[in-house]
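What follows is final-v2.csv (CSV, C-alpha atoms).
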```csv
chain,number,residue,atom,x,y,z
P,1,MET,CA,-38.9,-62.0,6.4
P,2,LYS,CA,-39.8,-59.7,3.4
P,3,SER,CA,-36.9,-59.0,1.1
P,4,GLU,CA,-35.7,-55.4,0.9
P,5,LYS,CA,-34.7,-55.9,-2.8
P,6,THR,CA,-37.5,-53.9,-4.3
P,7,ALA,CA,-38.0,-53.2,-8.0
P,8,ALA,CA,-35.9,-50.0,-7.8
P,9,PHE,CA,-33.0,-51.8,-6.1
P,10,ARG,CA,-33.2,-54.6,-8.6
P,11,VAL,CA,-32.9,-52.1,-11.5
P,12,LEU,CA,-29.9,-50.5,-9.8
P,13,ALA,CA,-28.3,-53.9,-9.4
P,14,PHE,CA,-29.0,-54.8,-13.0
P,15,LEU,CA,-27.2,-51.5,-14.1
P,16,LEU,CA,-24.3,-51.6,-11.7
P,17,LEU,CA,-23.5,-55.1,-10.6
P,18,PRO,CA,-22.1,-56.4,-13.9
P,19,THR,CA,-19.7,-53.5,-14.3
P,20,MET,CA,-18.6,-53.6,-10.6
P,21,THR,CA,-18.0,-57.4,-11.0
P,22,ILE,CA,-15.8,-56.8,-14.0
P,23,LEU,CA,-13.9,-54.0,-12.1
P,24,ALA,CA,-13.3,-55.8,-8.9
P,25,LYS,CA,-13.6,-58.9,-6.7
P,26,PHE,CA,-15.4,-58.1,-3.5
P,27,LYS,CA,-14.2,-59.8,-0.3
P,28,LEU,CA,-16.6,-59.3,2.7
P,29,HIS,CA,-15.3,-59.9,6.2
P,30,ASP,CA,-17.5,-60.4,9.3
P,31,SER,CA,-20.7,-59.7,7.5
P,32,HIS,CA,-22.5,-61.5,10.3
P,33,ASN,CA,-22.1,-58.2,12.3
P,34,VAL,CA,-24.7,-56.7,10.0
P,35,PRO,CA,-28.2,-57.2,11.5
P,36,ALA,CA,-30.4,-59.5,9.4
P,37,GLU,CA,-33.4,-57.3,10.1
P,38,GLY,CA,-34.3,-54.1,11.8
P,39,ALA,CA,-32.9,-50.6,11.6
P,40,PHE,CA,-29.3,-49.7,12.0
P,41,VAL,CA,-26.7,-47.0,11.0
P,42,ILE,CA,-23.7,-48.2,9.1
P,43,SER,CA,-20.7,-45.9,9.1
P,44,PRO,CA,-17.8,-46.6,6.7
P,45,ASN,CA,-14.6,-44.7,5.9
P,46,HIS,CA,-14.6,-42.5,2.9
P,47,TYR,CA,-11.7,-42.1,0.5
P,48,SER,CA,-13.1,-42.5,-3.1
P,49,ASN,CA,-16.1,-41.2,-4.9
P,50,ILE,CA,-17.1,-44.7,-5.7
P,51,ASP,CA,-17.3,-45.7,-2.0
P,52,PRO,CA,-21.2,-45.6,-1.9
P,53,VAL,CA,-21.4,-48.0,-4.9
P,54,VAL,CA,-18.8,-50.3,-3.2
P,55,ILE,CA,-20.8,-50.4,0.1
P,56,GLY,CA,-24.0,-50.8,-1.9
P,57,VAL,CA,-22.6,-53.9,-3.6
P,58,ALA,CA,-21.6,-55.3,-0.3
P,59,MET,CA,-25.0,-54.7,1.2
P,60,TRP,CA,-26.7,-56.2,-1.8
P,61,LYS,CA,-24.7,-59.4,-1.2
P,62,ILE,CA,-25.7,-59.4,2.4
P,63,GLY,CA,-29.3,-58.8,1.6
P,64,ARG,CA,-29.8,-55.4,3.3
P,65,MET,CA,-30.6,-52.4,1.1
P,66,PRO,CA,-28.8,-49.2,2.1
P,67,ARG,CA,-30.2,-45.7,2.1
P,68,TYR,CA,-27.8,-42.8,1.6
P,69,MET,CA,-27.9,-39.0,2.0
P,70,ALA,CA,-27.1,-37.9,-1.6
P,71,LYS,CA,-26.7,-34.4,-3.2
P,72,ALA,CA,-30.1,-33.0,-4.1
P,73,SER,CA,-28.8,-32.1,-7.5
P,74,LEU,CA,-28.5,-35.8,-8.4
P,75,PHE,CA,-32.3,-36.2,-8.0
P,76,LYS,CA,-32.7,-33.9,-11.0
P,77,VAL,CA,-30.8,-36.1,-13.3
P,78,PRO,CA,-33.1,-38.0,-15.7
P,79,VAL,CA,-33.6,-41.7,-14.9
P,80,ALA,CA,-30.9,-41.6,-12.2
P,81,GLY,CA,-32.9,-39.2,-10.1
P,82,TRP,CA,-36.0,-41.3,-10.5
P,83,LEU,CA,-34.2,-44.4,-9.3
P,84,LEU,CA,-32.7,-42.5,-6.3
P,85,LYS,CA,-36.2,-41.4,-5.3
P,86,LYS,CA,-37.8,-44.8,-5.8
P,87,SER,CA,-35.1,-46.5,-3.8
P,88,GLY,CA,-35.6,-44.2,-0.9
P,89,GLN,CA,-32.4,-42.2,-1.0
P,90,VAL,CA,-32.3,-38.9,0.9
P,91,PRO,CA,-31.7,-35.7,-0.9
P,92,VAL,CA,-29.4,-33.2,0.9
P,93,GLU,CA,-29.4,-29.5,-0.1
P,94,ARG,CA,-26.2,-27.6,0.3
P,95,VAL,CA,-26.5,-24.8,2.8
P,96,PRO,CA,-24.3,-21.7,3.4
P,97,ARG,CA,-21.3,-22.2,5.6
P,98,GLY,CA,-22.1,-21.7,9.2
P,99,ARG,CA,-25.7,-22.9,8.8
P,100,GLU,CA,-27.0,-26.4,9.4
P,101,SER,CA,-30.0,-28.1,8.1
P,102,GLY,CA,-31.8,-30.6,10.2
P,103,ASP,CA,-33.6,-32.2,7.2
P,104,PRO,CA,-31.0,-34.9,6.4
P,105,LEU,CA,-30.8,-36.3,9.9
P,106,LYS,CA,-34.6,-36.0,10.2
P,107,ALA,CA,-35.0,-38.1,7.0
P,108,ALA,CA,-32.4,-40.6,8.2
P,109,ARG,CA,-34.3,-41.0,11.5
P,110,GLN,CA,-37.5,-41.6,9.5
P,111,ILE,CA,-35.8,-44.3,7.5
P,112,ALA,CA,-34.6,-45.9,10.7
P,113,ASP,CA,-38.2,-45.8,12.0
P,114,GLN,CA,-39.1,-48.0,9.1
P,115,GLY,CA,-36.6,-50.6,10.2
P,116,LEU,CA,-34.2,-49.9,7.3
P,117,ALA,CA,-30.4,-49.5,7.0
P,118,VAL,CA,-29.0,-46.0,6.8
P,119,VAL,CA,-25.4,-45.3,5.6
P,120,VAL,CA,-23.9,-42.2,7.1
P,121,TYR,CA,-20.2,-41.4,6.4
P,122,PRO,CA,-19.0,-39.8,9.6
P,123,GLU,CA,-16.2,-37.9,7.9
P,124,GLY,CA,-18.7,-36.1,5.8
P,125,SER,CA,-16.4,-36.0,2.7
P,126,LEU,CA,-13.4,-37.7,1.3
P,127,THR,CA,-10.7,-37.9,3.9
P,128,ARG,CA,-8.0,-35.2,3.6
P,129,GLU,CA,-5.5,-37.5,5.4
P,130,PRO,CA,-2.5,-37.8,3.0
P,131,ASP,CA,-2.4,-41.7,3.3
P,132,MET,CA,-6.2,-41.9,3.2
P,133,TRP,CA,-6.6,-42.9,6.9
P,134,PRO,CA,-9.9,-41.7,8.5
P,135,MET,CA,-9.9,-38.1,9.5
P,136,ARG,CA,-11.9,-36.3,12.1
P,137,GLY,CA,-15.5,-37.4,12.2
P,138,LYS,CA,-18.7,-35.4,12.4
P,139,HIS,CA,-21.7,-36.1,14.6
P,140,GLY,CA,-24.4,-37.1,12.1
P,141,ALA,CA,-24.0,-40.9,12.3
P,142,VAL,CA,-23.8,-41.0,16.1
P,143,ARG,CA,-26.7,-38.6,16.6
P,144,THR,CA,-28.9,-40.6,14.3
P,145,ALA,CA,-28.1,-43.9,16.1
P,146,LEU,CA,-28.5,-42.4,19.6
P,147,GLU,CA,-31.7,-40.6,18.9
P,148,ALA,CA,-33.3,-43.6,17.1
P,149,GLY,CA,-32.0,-46.1,19.6
P,150,ILE,CA,-30.6,-48.4,16.9
P,151,PRO,CA,-27.3,-50.2,16.4
P,152,LEU,CA,-24.3,-48.3,15.1
P,153,ILE,CA,-22.1,-50.5,12.9
P,154,PRO,CA,-18.6,-49.3,12.0
P,155,ALA,CA,-17.2,-50.5,8.7
P,156,ALA,CA,-14.1,-50.1,6.6
P,157,SER,CA,-13.2,-50.7,3.0
P,158,TRP,CA,-10.0,-50.6,1.0
P,159,GLY,CA,-9.2,-51.1,-2.7
P,160,ALA,CA,-11.8,-48.7,-4.2
P,161,GLN,CA,-9.0,-46.1,-4.6
P,162,GLU,CA,-7.5,-48.4,-7.2
P,163,ILE,CA,-10.7,-48.3,-9.2
P,164,LEU,CA,-11.3,-44.6,-8.8
P,165,PRO,CA,-8.5,-42.6,-7.2
P,166,ARG,CA,-9.4,-39.9,-4.7
P,167,TYR,CA,-10.7,-36.8,-6.7
P,168,SER,CA,-10.2,-38.6,-10.0
P,169,LYS,CA,-12.9,-38.9,-12.7
P,170,ARG,CA,-11.2,-41.7,-14.6
P,171,ILE,CA,-12.0,-45.3,-13.7
P,172,SER,CA,-9.2,-47.9,-13.9
P,173,VAL,CA,-10.6,-51.0,-15.6
P,174,PHE,CA,-7.6,-53.3,-15.9
P,175,PRO,CA,-6.2,-55.3,-14.1
P,176,ARG,CA,-9.2,-56.4,-12.0
P,177,LYS,CA,-8.9,-55.0,-8.5
P,178,THR,CA,-9.8,-56.5,-5.1
P,179,VAL,CA,-11.9,-54.6,-2.7
P,180,HIS,CA,-12.1,-55.6,1.0
P,181,ILE,CA,-15.0,-54.6,3.2
P,182,ARG,CA,-14.9,-55.4,6.9
P,183,PHE,CA,-17.9,-54.9,9.2
P,184,GLY,CA,-17.3,-54.3,12.9
P,185,GLU,CA,-19.5,-55.3,15.8
P,186,PRO,CA,-22.2,-52.8,16.8
P,187,LEU,CA,-20.6,-50.1,18.9
P,188,ASP,CA,-21.2,-50.5,22.6
P,189,LEU,CA,-22.9,-47.3,23.7
P,190,SER,CA,-24.0,-48.5,27.1
P,191,GLU,CA,-21.5,-46.1,28.9
P,192,PHE,CA,-23.3,-43.2,27.4
P,193,GLU,CA,-26.8,-44.1,28.6
P,194,GLY,CA,-28.6,-41.6,30.8
P,195,ARG,CA,-26.4,-38.7,29.7
P,196,ASN,CA,-27.6,-35.6,27.9
P,197,LEU,CA,-27.2,-35.7,24.2
P,198,ASP,CA,-25.0,-32.6,24.0
P,199,SER,CA,-22.0,-31.7,21.9
P,200,ARG,CA,-19.5,-33.2,24.4
P,201,LEU,CA,-21.2,-36.6,24.4
P,202,LEU,CA,-21.6,-36.6,20.6
P,203,ALA,CA,-17.9,-35.8,20.3
P,204,GLU,CA,-16.9,-38.6,22.6
P,205,VAL,CA,-19.1,-41.2,20.8
P,206,THR,CA,-17.9,-40.0,17.4
P,207,GLU,CA,-14.3,-40.4,18.4
P,208,LYS,CA,-15.1,-43.9,19.7
P,209,LEU,CA,-16.7,-44.6,16.3
P,210,MET,CA,-13.7,-43.3,14.4
P,211,ILE,CA,-11.3,-45.4,16.5
P,212,ALA,CA,-13.4,-48.5,15.6
P,213,ILE,CA,-13.4,-47.7,11.9
P,214,THR,CA,-9.7,-47.0,11.9
P,215,SER,CA,-9.0,-50.3,13.7
P,216,LEU,CA,-11.0,-52.2,11.0
P,217,LEU,CA,-9.0,-50.4,8.3
P,218,GLU,CA,-5.7,-51.3,10.0
P,219,GLU,CA,-6.7,-55.0,9.8
P,220,ILE,CA,-7.5,-54.7,6.1
P,221,ARG,CA,-4.4,-52.8,5.2
P,222,GLY,CA,-2.0,-54.6,7.6
P,223,GLU,CA,-0.6,-51.2,8.6
P,224,THR,CA,-0.8,-48.9,11.7
P,225,ALA,CA,-2.6,-45.6,11.4
P,226,PRO,CA,-1.1,-42.4,12.6
P,227,ALA,CA,-1.5,-41.9,16.4
P,228,ALA,CA,-3.1,-38.5,16.0
P,229,ARG,CA,-6.5,-38.1,14.3
P,230,TYR,CA,-6.1,-35.9,11.2
P,231,ASN,CA,-8.0,-32.6,11.4
P,232,PRO,CA,-8.2,-30.6,8.2
P,233,ALA,CA,-8.6,-27.3,10.2
P,234,ASP,CA,-5.1,-27.8,11.6
P,235,HIS,CA,-3.7,-27.8,8.1
P,236,GLY,CA,-5.6,-24.9,6.8
P,237,GLN,CA,-7.9,-27.1,4.7
P,238,SER,CA,-11.7,-27.0,4.2
P,239,GLU,CA,-13.6,-30.1,4.9
P,240,THR,CA,-15.6,-29.9,1.7
P,241,GLY,CA,-14.7,-29.5,-1.9
P,242,ARG,CA,-11.8,-30.9,-4.0
P,243,PHE,CA,-8.4,-31.0,-2.3
P,244,GLU,CA,-5.1,-32.5,-3.6
P,245,SER,CA,-2.6,-33.6,-1.0
P,246,LYS,CA,1.0,-32.5,-1.5
```
I need this file expressed as structure tokens, please.
Amino acid sequence: MKSEKTAAFRVLAFLLLPTMTILAKFKLHDSHNVPAEGAFVISPNHYSNIDPVVIGVAMWKIGRMPRYMAKASLFKVPVAGWLLKKSGQVPVERVPRGRESGDPLKAARQIADQGLAVVVYPEGSLTREPDMWPMRGKHGAVRTALEAGIPLIPAASWGAQEILPRYSKRISVFPRKTVHIRFGEPLDLSEFEGRNLDSRLLAEVTEKLMIAITSLLEEIRGETAPAARYNPADHGQSETGRFESK
């Protein structure tokens, strides 16, 4: 089986791994749930801006190289933009509120067609939930998995907030932190087979995904999440942009 650790990924690892190893000890749980080959969508919780790097380190250790949907502006940054492009990351253009672009999901499906791993954060942005439990999910991860007919893997991490707190730009170096990443079993989607891929079905599957992610996070944290799923709209909050909980 050909290694996915291409030259671009090896350069990224050379640049990031030493620093991340100094910052934190990474503890992976149930990594056997990540397919050794073939396409799949992995859907983690999102609570720190350093989350993609954390998941990237975990995937590097497992041997599967992740593709993300990243802000298009990052691709214009010298060197970093070149590495993002060469490693197959997906540029996402911001669109006016109320409009949707099919390009990100189309690109994700194309990556899946190549037998690769696609990381899609179902929350879409950092959780607004005051205690950083997963909030309401969006349909992107579920739609990508269902349309491509590939496994959907829930995942949860905890500890990254101690390295880079939510909305902070200051990284905490000492003391060394511990980051836990737990991978769930592929979501069983058999009950949805034969049904139209409409908004109702996508909402059902998305909530099933969010329940699985939350359950994994409960195991890591040793705590019980709130019974009701947090919805920013119910609290007069936007789902994008910076927000400080009170």
For this session: In the coordinates of the file, take the point (-14.1, -55.7, -9.1) and a cut-off of 9 Å; then, counting all atoms listed in the file, name each qualifying protein, DNA or RNA residue as a list in words.
Result: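 The distance filter leaves exactly Thr19, Met20, Thr21, Ile22, Leu23, Ala24, Lys25, Phe26, Ala160, Ile163, Val173, Arg176, Lys177, Thr178 and Val179 of chain P.
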Exercise. Which of these, P:Leu164, P:Met210, P:Ile111, P:Ile153, has the shortest distance to Pro186 (chain P) once you count only C-alpha atoms?
Worked result: P:Ile153
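Among the candidate residues P:Ala156, P:Leu202, P:Ile171, P:Ile50, the one lying nearest to Gly184 (chain P) is P:Ala156, with distances computed using only C-alpha atoms.
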Seminar exercise, completed: The distance between CA of Leu189 (chain P) and CA of Leu152 (chain P) is 8.8 Å
Distance table requested - region 20-69 of chain P against region 130-146 of chain P, cut-off 7 Å, only C-alpha atoms: one row per qualifying residue with the closest atom pair and its distance in Å to one decimal, ordered by chain and rising residue number, as JSON lines.
```
{"residue": "P:Val41", "atom": "CA", "partner": "P:Ala145", "partner_atom": "CA", "distance": 6.1}
{"residue": "P:Ser43", "atom": "CA", "partner": "P:Ala141", "partner_atom": "CA", "distance": 6.8}
{"residue": "P:Asn45", "atom": "CA", "partner": "P:Pro134", "partner_atom": "CA", "distance": 6.2}
{"residue": "P:Tyr47", "atom": "CA", "partner": "P:Met132", "partner_atom": "CA", "distance": 6.1}
```
How would the residues just picked look written out with C-alpha atoms as a short mmCIF file (atom, residue, chain, number, x, y, z; two decimals), in the frame of the given file?
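In the end it all went to result14.cif:
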```
data_model
loop_
_atom_site.label_atom_id
_atom_site.label_comp_id
_atom_site.auth_asym_id
_atom_site.auth_seq_id
_atom_site.Cartn_x
_atom_site.Cartn_y
_atom_site.Cartn_z
CA VAL P 41 -26.70 -47.00 11.00
CA SER P 43 -20.70 -45.90 9.10
CA ASN P 45 -14.60 -44.70 5.90
CA TYR P 47 -11.70 -42.10 0.50
#
```
